[in-house]
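Undergrad: Provided herewith is a single structure, encoded as structure tokens, for subsequent inquiry.
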Amino acid sequence: PRALDTEAVHAGREDLTAMGLHAPPIDLSTTHPSADSRAEAARIDAFAATGARPQGPPVYARVDNTTTARFEDALARLEGTDTAVAFASGMAALTALLLARAGTGAGHVVAVRPLYGCSDHLLDGVLPGVSVTRTTPDGIADALRPDTGLVLVETPANPTLVELDIEAVARACGSVPLVVDNTFATPVLQRPAAHGARAVLHSATKYLGGHGDVMGGIIACDEDIACDMRRVRFATGAVLHPLAAYLLLRGLATLPVRVRAQSATAAELARRLADHPGVTRVHRPAVGGAMLAVEVAGDPHRVIAEVELITPAVSLGGVDTLVQHPASISHRVIGEEGRRDGGIDDRLLRISVGLEDVEDLWEDLDRALRACREPVTDSR
């Protein structure tokens with residue numbers, strides 16, 4: 001097998017030389033001509049029955065797209081799975097997976113907090129046929145039911161960066177598919193499928209794209225799960241636009257370089273922040289990565305207002321450093337009780353470290369933290 005750095009550059013592009021191309025083409029067609037309507041009918045029937053990717057040229061953009069397929073194939077290679085299915089956003093990807101499992105009569109989900117706030121909220125009766133039991137890692141086996149369709153975990157978790165032993169969780173799941181949100185770690189730092197996960201979820205908007213200019217979601221998985229999700233994608237229309245797929249495929253080429261450089265800067269910032277008088281606790285996962293969770297001694301809202309180089313904004317995984325207050329934004333939707341259950345303190349700030357010089361970032365953080373050593377305000 002080829003090294004991950006090589007796969008990141010070449011996966012999904014192997015046929016380009018034979019086509020006389022260097023950059024992947026973008027297929028913007030919404031429909032595709034075919035003079036053989038009987039053959040098209042047979043292909044559509046086969047897709048409706050199985051959910052397998054149609055052989056031959058695409059039929060309609062909601063069924064398949066060649067540019068999107070390149071991105072799917074490349075991410076599956078990086079994660080070490082049979083295949084992958086891409087969607088318009090990470091939330092669309094998770095929604096399709098939940099609906100697909102519910103459609104088989106397995107709509108019960110076992111979930112371990114903390115999760116991304118909108119993922120957590122989606123499990124609260126928003127989707128028909130989907131129910132949830134929240135538990136700790138040690139309680140997974142006892143929470144399983146005959147209708148449990150999946151176990152959902154996120155490691156490192158958003159926003160506290162708590163880590164789980166994926167192999168231990170997979171053993172506790174038994175025959176129930178384990179779904180791991182790998183958005184924070186990316187396949188550069190961990191490959192959950194190698195440790196027992198059957199599906200790996202990414203908000204591709206984050207590190208896979210890497211530049212804050214494209215939205216997408218993708219689930220790398222085995223073919224059985226993929227077939228069910230493709231049918232849901234076709235029915236709901238939550239497709240990834242081919243231009244977005246092109247940008248995401250381009251983002252994969254630099255993913256290992258970006259993640260390692262950002263991780264090195266995050267490690268140095270974490271070391272310095274641990275000794276800062278304006279910080280009470282720093283969370284950084286053992287697996288590494290560019291995410292930091294920092295509990296501040298003063299008012300976190302003042303820190304947000306004081307930074308100048310760092311951008312106060314939601315999202316993460318881009319080339320520039322972002323900071324946000326989870327209790328106010330990304331995890332506000334789950335309410336105070338949900339945040340408490342997930343260990344999300346009101347003083348916690350989430351920092352996504354970018355590619356800037358570490359000294360410039362430190363100067364901005366140090367100044368903002370020193371300006372804000374005063375009692376925390378009520379975030380409610």
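Chain lettering (A, B, ...) mirrors the order of the structure tokens, residue numbering begins at 1 for each chain separately, and ligand numbering begins at 1 in order of display.
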Give me the segment 237-303 of chain A side of the contact with segment 314-322 of chain A, cut-off 9 Å, one line per residue showing its nearest atom pair and distance in Å at one decimal, counting only C-alpha atoms, sorted by chain and residue number, as a Markdown table.

TA:
| residue | atom | partner | partner_atom | distance |
| --- | --- | --- | --- | --- |
| A:Arg258 | CA | A:Val319 | CA | 7.8 |
| A:Val259 | CA | A:Gly317 | CA | 8.6 |
| A:Gln262 | CA | A:Val319 | CA | 8.4 |
| A:Ala290 | CA | A:Gly317 | CA | 7.7 |
| A:Met291 | CA | A:Leu316 | CA | 8.3 |

Undergrad: Store the residues picked out above, limited to N, CA and C atoms, as a PDB file, in the first residue's frame.

TA:
ATOM      1  N   ARG A 258      -0.944  20.250   5.851  1.00  0.00           N
ATOM      2  CA  ARG A 258      -1.642  21.240   6.679  1.00  0.00           C
ATOM      3  C   ARG A 258      -1.836  20.749   8.105  1.00  0.00           C
ATOM      4  N   VAL A 259      -2.345  19.532   8.247  1.00  0.00           N
ATOM      5  CA  VAL A 259      -2.654  19.014   9.581  1.00  0.00           C
ATOM      6  C   VAL A 259      -1.398  18.918  10.437  1.00  0.00           C
ATOM      7  N   GLN A 262      -0.211  22.543  11.362  1.00  0.00           N
ATOM      8  CA  GLN A 262      -1.123  23.144  12.337  1.00  0.00           C
ATOM      9  C   GLN A 262      -1.000  22.466  13.693  1.00  0.00           C
ATOM     10  N   ALA A 290      -4.951  20.079  15.526  1.00  0.00           N
ATOM     11  CA  ALA A 290      -4.837  21.536  15.574  1.00  0.00           C
ATOM     12  C   ALA A 290      -5.907  22.194  16.431  1.00  0.00           C
ATOM     13  N   MET A 291      -6.715  21.402  17.144  1.00  0.00           N
ATOM     14  CA  MET A 291      -7.774  21.959  17.970  1.00  0.00           C
ATOM     15  C   MET A 291      -7.318  22.086  19.418  1.00  0.00           C
TER      16      MET A 291
END

Undergrad: So that I can check the surroundings of Ala261 of chain A, please list as a list in words every protein, DNA and RNA residue that reaches within 12 Å of it, counting only C-alpha atoms and ignoring chain neighbours fewer than 4 positions away.

TA: Val188, Thr254, Leu255, Pro256, Val257, Thr265, Ala266, Ala267, Glu268, Gly288, Gly289, Ala290, Val319, Val353, Gly354, Leu355, Glu356, Asp357 and Val358 of chain A

Undergrad: Keeping only all heavy atoms, write those residues as a short mmCIF file (atom, residue, chain, number, x, y, z; two decimals), in the first residue's frame.

TA:
data_model
loop_
_atom_site.label_atom_id
_atom_site.label_comp_id
_atom_site.auth_asym_id
_atom_site.auth_seq_id
_atom_site.Cartn_x
_atom_site.Cartn_y
_atom_site.Cartn_z
N VAL A 188 -5.28 11.66 8.74
CA VAL A 188 -3.86 11.88 8.96
C VAL A 188 -3.45 11.41 10.35
O VAL A 188 -2.36 10.87 10.55
CB VAL A 188 -3.51 13.38 8.78
CG1 VAL A 188 -2.04 13.65 9.08
CG2 VAL A 188 -3.86 13.83 7.37
N THR A 254 -3.31 18.53 0.05
CA THR A 254 -2.48 19.19 1.04
C THR A 254 -2.87 18.86 2.47
O THR A 254 -2.29 19.40 3.42
CB THR A 254 -2.54 20.72 0.86
OG1 THR A 254 -3.91 21.16 1.02
CG2 THR A 254 -2.03 21.13 -0.51
N LEU A 255 -3.84 17.97 2.65
CA LEU A 255 -4.33 17.65 4.00
C LEU A 255 -3.22 17.22 4.95
O LEU A 255 -3.11 17.76 6.07
CB LEU A 255 -5.43 16.59 3.91
CG LEU A 255 -6.01 16.10 5.24
CD1 LEU A 255 -6.77 17.22 5.94
CD2 LEU A 255 -6.95 14.91 5.01
N PRO A 256 -2.37 16.24 4.60
CA PRO A 256 -1.33 15.83 5.55
C PRO A 256 -0.38 16.95 5.93
O PRO A 256 0.00 17.09 7.10
CB PRO A 256 -0.60 14.69 4.82
CG PRO A 256 -1.58 14.19 3.81
CD PRO A 256 -2.35 15.40 3.38
N VAL A 257 0.01 17.76 4.95
CA VAL A 257 0.94 18.86 5.22
C VAL A 257 0.29 19.88 6.15
O VAL A 257 0.91 20.35 7.12
CB VAL A 257 1.38 19.53 3.90
CG1 VAL A 257 2.30 20.71 4.17
CG2 VAL A 257 2.08 18.52 3.00
N THR A 265 2.03 23.77 15.63
CA THR A 265 1.77 25.09 16.22
C THR A 265 0.83 24.97 17.41
O THR A 265 1.04 25.62 18.45
CB THR A 265 1.16 26.03 15.16
OG1 THR A 265 2.07 26.15 14.07
CG2 THR A 265 0.89 27.40 15.75
N ALA A 266 -0.20 24.13 17.29
CA ALA A 266 -1.14 23.94 18.40
C ALA A 266 -0.44 23.38 19.63
O ALA A 266 -0.74 23.77 20.77
CB ALA A 266 -2.27 23.01 17.97
N ALA A 267 0.49 22.47 19.43
CA ALA A 267 1.22 21.89 20.56
C ALA A 267 2.03 22.96 21.29
O ALA A 267 2.08 22.99 22.53
CB ALA A 267 2.14 20.77 20.07
N GLU A 268 2.67 23.85 20.54
CA GLU A 268 3.45 24.91 21.17
C GLU A 268 2.55 25.91 21.89
O GLU A 268 2.86 26.36 23.01
CB GLU A 268 4.31 25.61 20.12
CG GLU A 268 5.10 26.81 20.63
CD GLU A 268 6.08 26.45 21.75
OE1 GLU A 268 6.43 25.25 21.91
OE2 GLU A 268 6.51 27.38 22.47
N GLY A 288 -3.12 14.34 19.05
CA GLY A 288 -2.60 15.55 18.40
C GLY A 288 -3.69 16.31 17.69
O GLY A 288 -4.87 16.24 18.05
N GLY A 289 -3.33 17.05 16.70
CA GLY A 289 -4.30 17.83 15.96
C GLY A 289 -4.17 19.31 16.25
O GLY A 289 -3.39 19.75 17.10
N ALA A 290 -4.95 20.08 15.53
CA ALA A 290 -4.84 21.54 15.57
C ALA A 290 -5.91 22.19 16.43
O ALA A 290 -6.01 23.42 16.45
CB ALA A 290 -4.89 22.10 14.16
N VAL A 319 -7.06 27.43 7.09
CA VAL A 319 -5.67 27.87 7.15
C VAL A 319 -5.46 29.02 8.13
O VAL A 319 -4.34 29.30 8.53
CB VAL A 319 -5.15 28.28 5.76
CG1 VAL A 319 -5.09 27.07 4.84
CG2 VAL A 319 -6.03 29.37 5.15
N VAL A 353 -6.45 26.07 15.33
CA VAL A 353 -5.16 26.69 15.01
C VAL A 353 -4.88 26.57 13.51
O VAL A 353 -5.00 25.49 12.93
CB VAL A 353 -4.03 26.04 15.82
CG1 VAL A 353 -2.68 26.65 15.45
CG2 VAL A 353 -4.30 26.20 17.32
N GLY A 354 -4.49 27.68 12.92
CA GLY A 354 -4.24 27.71 11.49
C GLY A 354 -2.75 27.61 11.15
O GLY A 354 -1.97 27.01 11.90
N LEU A 355 -2.37 28.25 10.07
CA LEU A 355 -1.00 28.15 9.56
C LEU A 355 -0.18 29.42 9.78
O LEU A 355 0.91 29.55 9.22
CB LEU A 355 -1.04 27.82 8.06
CG LEU A 355 -1.54 26.42 7.70
CD1 LEU A 355 -1.67 26.27 6.19
CD2 LEU A 355 -0.60 25.35 8.25
N GLU A 356 -0.67 30.33 10.61
CA GLU A 356 0.09 31.53 10.89
C GLU A 356 1.35 31.19 11.72
O GLU A 356 1.45 30.11 12.31
CB GLU A 356 -0.76 32.55 11.67
CG GLU A 356 -2.03 32.99 10.95
CD GLU A 356 -3.25 32.18 11.38
OE1 GLU A 356 -3.07 31.03 11.86
OE2 GLU A 356 -4.37 32.68 11.23
N ASP A 357 2.26 32.16 11.81
CA ASP A 357 3.44 31.99 12.64
C ASP A 357 3.04 31.90 14.11
O ASP A 357 2.18 32.66 14.58
CB ASP A 357 4.39 33.17 12.43
CG ASP A 357 5.68 33.01 13.22
OD1 ASP A 357 6.59 32.32 12.72
OD2 ASP A 357 5.76 33.57 14.33
N VAL A 358 3.66 30.99 14.83
CA VAL A 358 3.28 30.75 16.21
C VAL A 358 3.50 31.97 17.09
O VAL A 358 2.71 32.24 18.01
CB VAL A 358 4.02 29.52 16.78
CG1 VAL A 358 5.52 29.78 16.89
CG2 VAL A 358 3.45 29.11 18.14
#

Undergrad: Taking only segment 12-252 of chain A into account, list the residues labelled helix (DSSP H, G or I) by DSSP (computed from the backbone), as a VMD selection string.

TA: chain A and resid 16 to 19 37 to 50 66 to 79 90 to 103 117 to 122 137 to 143 166 to 173 186 to 189 192 to 195 223 to 236 242 to 252

Undergrad: What is the distance between atom CA of Pro1 of chain A and atom CA of Asp64 of chain A, in Å to one decimal?

TA: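 About the pair atom CA of Pro1 of chain A and atom CA of Asp64 of chain A: they are 28.0 Å apart.
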
Undergrad: Restricting the calculation to only C-alpha atoms: of A:Ala194, A:Leu240, A:Leu349, A:Ala106, which residue gets closest to Thr280 of chain A?

TA: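 That would be A:Leu349, the residue with the smallest distance to Thr280 of chain A.
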
Undergrad: Quick one: distance from atom CA of Pro192 of chain A to atom CA of Leu152 of chain A in Å, one decimal?

TA: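 Interatomic distance, atom CA of Pro192 of chain A to atom CA of Leu152 of chain A: 12.3 Å.
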
Undergrad: Distance atom CA of Cys173 of chain A-atom CA of Gly139 of chain A, one decimal place?

TA: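 Separating atom CA of Cys173 of chain A from atom CA of Gly139 of chain A is a distance of 10.3 Å.
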
Undergrad: Identify which of the residues A:Gly125, A:Gly212, A:Gly338, A:Gly90 lies closest to Ala313 of chain A, counting only C-alpha atoms when measuring atom-to-atom distances.

TA: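 Answer, going by the shortest atom-to-atom distance: A:Gly212.
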
Undergrad: Tell me which of A:Thr81, A:Asn158, A:Ser34, A:Ser131 sits closest to Val200 of chain A, counting only C-alpha atoms.

TA: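 That would be A:Thr81, the residue with the smallest distance to Val200 of chain A.
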
Undergrad: Give the answer as one residue: which of A:Ala96, A:Leu115, A:Ala102, A:Ala39 has the shortest atom-to-atom distance to Asp147 of chain A, using only C-alpha atoms?

TA: A:Ala102

Undergrad: For Gly343 of chain A, which residue out of A:Asp5, A:Glu306, A:Glu363, A:Glu295 is the nearest one, using only C-alpha atoms?

TA: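 Residue with the minimum atom-to-atom distance to Gly343 of chain A: A:Glu295.
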
Undergrad: Using backbone DSSP assignments, extract all strand (DSSP E or B) residues from segment 172-247 of chain A; output them as an NGL selection string.

TA: :A and (178-181 or 199-203 or 217-221)

Undergrad: Next, dump the selected residues to file, keeping only all heavy atoms, as a compact mmCIF listing (two decimals), in the first residue's frame.

TA:
# COMPACT_ATOMS: atom_id res chain seq x y z
N LEU A 178 -20.62 0.87 14.46
CA LEU A 178 -20.05 2.02 15.15
C LEU A 178 -19.75 3.10 14.13
O LEU A 178 -19.08 2.86 13.12
CB LEU A 178 -18.77 1.62 15.89
CG LEU A 178 -17.94 2.78 16.45
CD1 LEU A 178 -18.72 3.56 17.51
CD2 LEU A 178 -16.62 2.27 17.03
N VAL A 179 -20.24 4.31 14.40
CA VAL A 179 -19.99 5.47 13.55
C VAL A 179 -19.12 6.44 14.34
O VAL A 179 -19.49 6.86 15.44
CB VAL A 179 -21.31 6.16 13.13
CG1 VAL A 179 -21.01 7.36 12.22
CG2 VAL A 179 -22.23 5.17 12.45
N VAL A 180 -17.98 6.79 13.79
CA VAL A 180 -17.05 7.70 14.45
C VAL A 180 -16.95 8.99 13.65
O VAL A 180 -16.62 8.97 12.46
CB VAL A 180 -15.65 7.07 14.59
CG1 VAL A 180 -14.67 8.08 15.21
CG2 VAL A 180 -15.71 5.81 15.45
N ASP A 181 -17.25 10.10 14.30
CA ASP A 181 -17.01 11.41 13.69
C ASP A 181 -15.52 11.70 13.81
O ASP A 181 -14.99 11.89 14.90
CB ASP A 181 -17.84 12.48 14.40
CG ASP A 181 -17.80 13.83 13.69
OD1 ASP A 181 -16.75 14.14 13.09
OD2 ASP A 181 -18.79 14.57 13.74
N ALA A 199 -18.38 3.01 9.95
CA ALA A 199 -18.61 4.25 9.20
C ALA A 199 -17.84 5.37 9.85
O ALA A 199 -17.74 5.45 11.08
CB ALA A 199 -20.10 4.58 9.14
N VAL A 200 -17.28 6.25 9.01
CA VAL A 200 -16.47 7.37 9.50
C VAL A 200 -17.05 8.65 8.91
O VAL A 200 -17.09 8.83 7.68
CB VAL A 200 -14.99 7.21 9.08
CG1 VAL A 200 -14.16 8.35 9.67
CG2 VAL A 200 -14.45 5.86 9.54
N LEU A 201 -17.48 9.54 9.78
CA LEU A 201 -18.17 10.77 9.38
C LEU A 201 -17.20 11.94 9.37
O LEU A 201 -16.36 12.08 10.27
CB LEU A 201 -19.31 11.05 10.36
CG LEU A 201 -20.00 12.41 10.30
CD1 LEU A 201 -20.75 12.59 8.99
CD2 LEU A 201 -20.94 12.56 11.50
N HIS A 202 -17.32 12.78 8.35
CA HIS A 202 -16.56 14.03 8.29
C HIS A 202 -17.47 15.18 7.91
O HIS A 202 -18.27 15.06 6.97
CB HIS A 202 -15.48 13.97 7.21
CG HIS A 202 -14.29 13.14 7.56
ND1 HIS A 202 -13.21 13.63 8.25
CD2 HIS A 202 -14.03 11.83 7.31
CE1 HIS A 202 -12.32 12.66 8.40
NE2 HIS A 202 -12.79 11.56 7.84
N SER A 203 -17.34 16.29 8.62
CA SER A 203 -17.77 17.55 8.05
C SER A 203 -16.63 17.97 7.14
O SER A 203 -15.60 18.48 7.59
CB SER A 203 -18.01 18.60 9.14
OG SER A 203 -18.23 19.86 8.52
N GLY A 217 -20.11 17.24 3.24
CA GLY A 217 -20.04 16.18 4.25
C GLY A 217 -19.81 14.87 3.56
O GLY A 217 -20.16 14.71 2.38
N ILE A 218 -19.25 13.92 4.26
CA ILE A 218 -18.97 12.62 3.64
C ILE A 218 -18.90 11.55 4.72
O ILE A 218 -18.46 11.81 5.84
CB ILE A 218 -17.68 12.67 2.81
CG1 ILE A 218 -17.52 11.41 1.96
CG2 ILE A 218 -16.46 12.93 3.68
CD1 ILE A 218 -16.49 11.55 0.84
N ILE A 219 -19.35 10.36 4.36
CA ILE A 219 -19.25 9.21 5.25
C ILE A 219 -18.51 8.11 4.51
O ILE A 219 -18.95 7.64 3.45
CB ILE A 219 -20.62 8.72 5.72
CG1 ILE A 219 -21.27 9.79 6.60
CG2 ILE A 219 -20.50 7.40 6.50
CD1 ILE A 219 -22.64 9.43 7.13
N ALA A 220 -17.36 7.72 5.03
CA ALA A 220 -16.60 6.59 4.51
C ALA A 220 -17.08 5.34 5.23
O ALA A 220 -17.17 5.33 6.45
CB ALA A 220 -15.10 6.81 4.74
N CYS A 221 -17.38 4.28 4.47
CA CYS A 221 -18.07 3.15 5.08
C CYS A 221 -17.96 1.91 4.20
O CYS A 221 -17.30 1.93 3.15
CB CYS A 221 -19.54 3.49 5.30
SG CYS A 221 -20.39 4.03 3.78

Undergrad: Calculated over only C-alpha atoms, which of the candidates A:Arg250, A:Arg302, A:His241, A:Arg284 has the smallest distance to Gly216 of chain A?

TA: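 The closest residue to Gly216 of chain A is A:His241.
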
Undergrad: So that I can check the surroundings of Thr68 of chain A, please list as a PDB file with C-alpha atoms, in the first residue's frame every protein, DNA and RNA residue that reaches within 12 Å of it, counting only C-alpha atoms and ignoring chain neighbours fewer than 2 positions away.

TA:
ATOM      1  CA  GLY A  12      -9.111   9.837  -7.319  1.00  0.00           C
ATOM      2  CA  PRO A  24      -9.389  16.599 -12.507  1.00  0.00           C
ATOM      3  CA  PRO A  25     -12.254  17.713 -14.755  1.00  0.00           C
ATOM      4  CA  ILE A  26     -15.399  19.268 -13.291  1.00  0.00           C
ATOM      5  CA  ASP A  27     -18.618  17.745 -14.588  1.00  0.00           C
ATOM      6  CA  LEU A  28     -21.316  20.373 -14.066  1.00  0.00           C
ATOM      7  CA  SER A  29     -24.007  18.526 -16.036  1.00  0.00           C
ATOM      8  CA  ARG A  53     -23.392   3.366  -7.854  1.00  0.00           C
ATOM      9  CA  PRO A  58     -24.275   9.138 -14.943  1.00  0.00           C
ATOM     10  CA  ALA A  61     -26.837  14.568 -10.995  1.00  0.00           C
ATOM     11  CA  ARG A  62     -28.956  13.483  -8.030  1.00  0.00           C
ATOM     12  CA  VAL A  63     -27.995   9.850  -8.711  1.00  0.00           C
ATOM     13  CA  ASP A  64     -24.294  10.238  -9.405  1.00  0.00           C
ATOM     14  CA  ASN A  65     -21.639  12.660 -10.597  1.00  0.00           C
ATOM     15  CA  THR A  66     -18.168  11.830 -11.845  1.00  0.00           C
ATOM     16  CA  ARG A  70     -13.553  11.111  -7.483  1.00  0.00           C
ATOM     17  CA  PHE A  71     -13.717  12.808  -4.088  1.00  0.00           C
ATOM     18  CA  GLU A  72     -15.611   9.862  -2.608  1.00  0.00           C
ATOM     19  CA  ASP A  73     -13.082   7.353  -3.920  1.00  0.00           C
ATOM     20  CA  ALA A  74     -10.154   9.409  -2.644  1.00  0.00           C
ATOM     21  CA  LEU A  75     -11.531   9.841   0.882  1.00  0.00           C
ATOM     22  CA  ALA A  84     -17.718   6.748   0.685  1.00  0.00           C
ATOM     23  CA  VAL A  85     -20.846   8.800   0.047  1.00  0.00           C
ATOM     24  CA  ALA A  86     -20.688  12.603  -0.144  1.00  0.00           C
ATOM     25  CA  PHE A  87     -23.380  15.125   0.747  1.00  0.00           C
ATOM     26  CA  ALA A  88     -24.024  18.857   0.743  1.00  0.00           C
ATOM     27  CA  GLY A 216     -19.659  19.366   2.270  1.00  0.00           C
ATOM     28  CA  GLY A 217     -20.041  16.183   4.251  1.00  0.00           C
ATOM     29  CA  ILE A 218     -18.973  12.622   3.644  1.00  0.00           C
ATOM     30  CA  VAL A 239     -26.180  16.104  -3.038  1.00  0.00           C
ATOM     31  CA  LEU A 240     -22.702  17.605  -3.040  1.00  0.00           C
ATOM     32  CA  HIS A 241     -22.260  20.113  -5.853  1.00  0.00           C
ATOM     33  CA  PRO A 242     -19.527  19.024  -8.291  1.00  0.00           C
ATOM     34  CA  LEU A 243     -17.637  22.301  -7.901  1.00  0.00           C
ATOM     35  CA  ALA A 244     -17.550  21.673  -4.138  1.00  0.00           C
ATOM     36  CA  ALA A 245     -16.372  18.124  -4.810  1.00  0.00           C
ATOM     37  CA  TYR A 246     -13.562  19.482  -6.976  1.00  0.00           C
ATOM     38  CA  LEU A 247     -12.434  21.871  -4.217  1.00  0.00           C
ATOM     39  CA  LEU A 248     -12.601  19.110  -1.614  1.00  0.00           C
ATOM     40  CA  LEU A 249     -10.559  16.750  -3.779  1.00  0.00           C
ATOM     41  CA  ARG A 250      -8.012  19.523  -4.200  1.00  0.00           C
TER      42      ARG A 250
END

Undergrad: Would you list the contacts of Pro146 of chain A as number ranges by chain, taking every protein, DNA or RNA residue within 9 Å and counting only C-alpha atoms, but skipping same-chain residues closer than 2 positions in sequence?

TA: A: 106, 108, 144, 148-149

Undergrad: Would you put the residues from that selection into a file with N, CA, C and O atoms, as a PDB file, in the first residue's frame?

TA:
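So part07.pdb came out as:
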ATOM      1  N   ALA A 106     -34.198   0.139  12.175  1.00  0.00           N
ATOM      2  CA  ALA A 106     -33.176   0.269  13.222  1.00  0.00           C
ATOM      3  C   ALA A 106     -32.924   1.742  13.487  1.00  0.00           C
ATOM      4  O   ALA A 106     -31.830   2.258  13.258  1.00  0.00           O
ATOM      5  N   HIS A 108     -33.034   3.332  16.391  1.00  0.00           N
ATOM      6  CA  HIS A 108     -32.518   3.699  17.712  1.00  0.00           C
ATOM      7  C   HIS A 108     -31.017   3.938  17.638  1.00  0.00           C
ATOM      8  O   HIS A 108     -30.272   3.160  17.048  1.00  0.00           O
ATOM      9  N   LEU A 144     -27.738  -0.912  24.257  1.00  0.00           N
ATOM     10  CA  LEU A 144     -28.146  -1.484  22.974  1.00  0.00           C
ATOM     11  C   LEU A 144     -29.505  -2.149  23.079  1.00  0.00           C
ATOM     12  O   LEU A 144     -29.851  -2.769  24.096  1.00  0.00           O
ATOM     13  N   THR A 148     -31.502  -1.023  17.724  1.00  0.00           N
ATOM     14  CA  THR A 148     -30.388  -0.082  17.656  1.00  0.00           C
ATOM     15  C   THR A 148     -29.711  -0.189  16.298  1.00  0.00           C
ATOM     16  O   THR A 148     -29.235  -1.257  15.912  1.00  0.00           O
ATOM     17  N   GLY A 149     -29.672   0.934  15.599  1.00  0.00           N
ATOM     18  CA  GLY A 149     -29.119   0.940  14.244  1.00  0.00           C
ATOM     19  C   GLY A 149     -27.678   1.379  14.164  1.00  0.00           C
ATOM     20  O   GLY A 149     -26.966   1.038  13.211  1.00  0.00           O
TER      21      GLY A 149
END
